[in-house]
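Colleague: One structure, pasted below without further comment.
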Amino acid sequence: MKAEKRKDLILACSKKLFAKQGFYRTQISDIIDEARIARGTIYQYFKNKEDIFVCLLEGAYAQWEQAVSQAVAVIDLKTITPVDYFRLRIKTTLEFLLADPDICSIVMSMGFGLPEDLEKATRKLESKIRDIAVNDFMLGIHNNHVRKNINIDHAAEMIAGAAFRSAYYLQKKAKSGDRADIDSMTDEMVNLLAPGIFLPESLKL
């Protein structure tokens with residue numbers, strides 16, 4: 001097996017275990033058994049379990065950024081309405097999280113109180129979603145689409161949290177046999193949040 005594929009195998013097995021057992025209950029020996037590799041092999045690619053964890057989440061973060069960029073690349077920014085752009089942001093994030101339920105479970109299940117580097121890695125995806133929302137709101141205020149009196153940091157935090165909780169909810173429904181309807185969930189989030197974010201005239205566009 002080529003080195004890159006072996007590294008990907010270790011990460012895939014680690015993700016599965018972290019999602020199922022949590023970070024602290026997952027041991028290096030569990031990852032070795034799951035990947036069916038020799039103990040020395042894992043240390044050719046990673047220093048320790050923490051290194052695997054951070055690398056795994058950094059990879060998810062990069063993939064999400066790519067998904068967001070690709071979604072924006074295929075639309076006409078000159079003609080899309082502010083609310084439809086908001087809807088696109090939410091739907092893209094939900095689709096990404098639902099496509100990788102293990103990452104969503106890891107982020108949702110990891111509490112605060114981790115060592116600083118691990119907590120930072122765990123919160124990075126959520127923080128990036130929040131940061132993009134803040135930038136979108138600032139642009140919307142500048143273009144007279146977003147209410148000037150909203151607390152953009154607070155609103156962005158709510159959106160980031162709602163995206164993860166909604167994806168987690170849809171995953172649980174899918175596991176119980178119900179169809180995960182991303183479009184309906186996206187519409188519900190937009191209908192609930194948009195009136196508090198956008199100016200009335202922008203809601204009518």
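Going by the structure tokens order, chains are called A, B, ..., each with residues numbered from 1, while ligands are numbered from 1 in the order shown.
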Would you mind listing, for every residue of range 15-48 of chain A within 7 Å of range 89-110 of chain A, the two atoms forming the shortest contact and the distance between them in Å to one decimal, using only C-alpha atoms, sorted by chain and ascending residue number, as JSON lines?
Modeller:
```
{"residue": "A:Lys15", "atom": "CA", "partner": "A:Asp102", "partner_atom": "CA", "distance": 6.5}
{"residue": "A:Lys16", "atom": "CA", "partner": "A:Asp102", "partner_atom": "CA", "distance": 6.3}
{"residue": "A:Phe18", "atom": "CA", "partner": "A:Ile106", "partner_atom": "CA", "distance": 6.5}
{"residue": "A:Ala19", "atom": "CA", "partner": "A:Ile106", "partner_atom": "CA", "distance": 5.0}
```
Colleague: Please provide as a PyMOL selection string all residues within 12 Å of Lys204 in chain A, with the sequence filter that same-chain residues fewer than 3 positions apart are discarded (counting only C-alpha atoms).
Modeller: chain A and resi 81-84+145+194-195+198-201
Colleague: With only C-alpha atoms as the basis for distance, which of A:Asp30, A:Ile52, A:Lys148, A:Asn191 is at the shortest distance from Lys7 in chain A?
Modeller: A:Ile52
Colleague: Have a look at A:Arg87, A:Arg147, A:Lys49, A:His154 and name the one nearest to Leu11 in chain A; count only C-alpha atoms.
Modeller: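 Comparing A:Arg87, A:Arg147, A:Lys49, A:His154 against Leu11 in chain A, the winner is A:Lys49.
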Colleague: Enumerate the residues of range 6-172 of chain A with a DSSP assignment of helix (DSSP H, G or I), computed from the backbone, and present them as JSON, numbers by chain.
Modeller: {"A": [6, 7, 8, 9, 10, 11, 12, 13, 14, 15, 16, 17, 18, 19, 20, 21, 28, 29, 30, 31, 32, 33, 34, 35, 39, 40, 41, 42, 49, 50, 51, 52, 53, 54, 55, 56, 57, 58, 59, 60, 61, 62, 63, 64, 65, 66, 67, 68, 69, 70, 71, 72, 73, 82, 83, 84, 85, 86, 87, 88, 89, 90, 91, 92, 93, 94, 95, 96, 97, 98, 99, 101, 102, 103, 104, 105, 106, 107, 108, 109, 116, 117, 118, 119, 120, 121, 122, 123, 124, 125, 126, 127, 128, 129, 130, 131, 132, 133, 134, 135, 136, 137, 138, 139, 140, 141, 142, 152, 153, 154, 155, 156, 157, 158, 159, 160, 161, 162, 163, 164, 165, 166, 167, 168, 169, 170, 171, 172]}
Colleague: Tell me which protein, DNA and RNA residues are within 12 Å of Ile42 in chain A, counting only C-alpha atoms, leaving out same-chain ones fewer than 5 positions away, and put them as a list in words.
Modeller: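 My list of contacting residues is Ala3, Arg6, Lys7, Asp8, Leu9, Ile10, Leu11, Cys13, Ser14, Ile28, Ser29, Asp30, Ile31, Ile32, Asp33, Glu34, Ala35, Arg36, Ile37, Lys47, Asn48, Lys49, Asp51 and Ile52 of chain A.
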Colleague: Select, from A:Phe86, A:Phe23, A:Tyr168, A:Tyr61, the residue with the minimum atom-to-atom distance to Met189 in chain A, counting only C-alpha atoms.
Modeller: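 Answer, going by the shortest atom-to-atom distance: A:Phe86.
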Colleague: Have a look at A:Ala60, A:Ile152, A:Ala67, A:Ala160 and name the one nearest to Leu139 in chain A; count only C-alpha atoms.
Modeller: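 Closest to Leu139 in chain A, using only C-alpha atoms: A:Ile152.
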Colleague: Go through A:Ile197, A:Ala167, A:Thr186, A:Asp136 one by one, measure the shortest atom-to-atom distance of each to Asn149 in chain A using only C-alpha atoms, and give the residue with the smallest value.
Modeller: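 Of all the options, A:Ile197 lies closest to Asn149 in chain A.
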Colleague: Grab the CA of Asp117 in chain A to CA of Glu65 in chain A distance for me, in Å with one decimal place.
Modeller: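 For CA of Asp117 in chain A relative to CA of Glu65 in chain A, the distance reads 20.5 Å.
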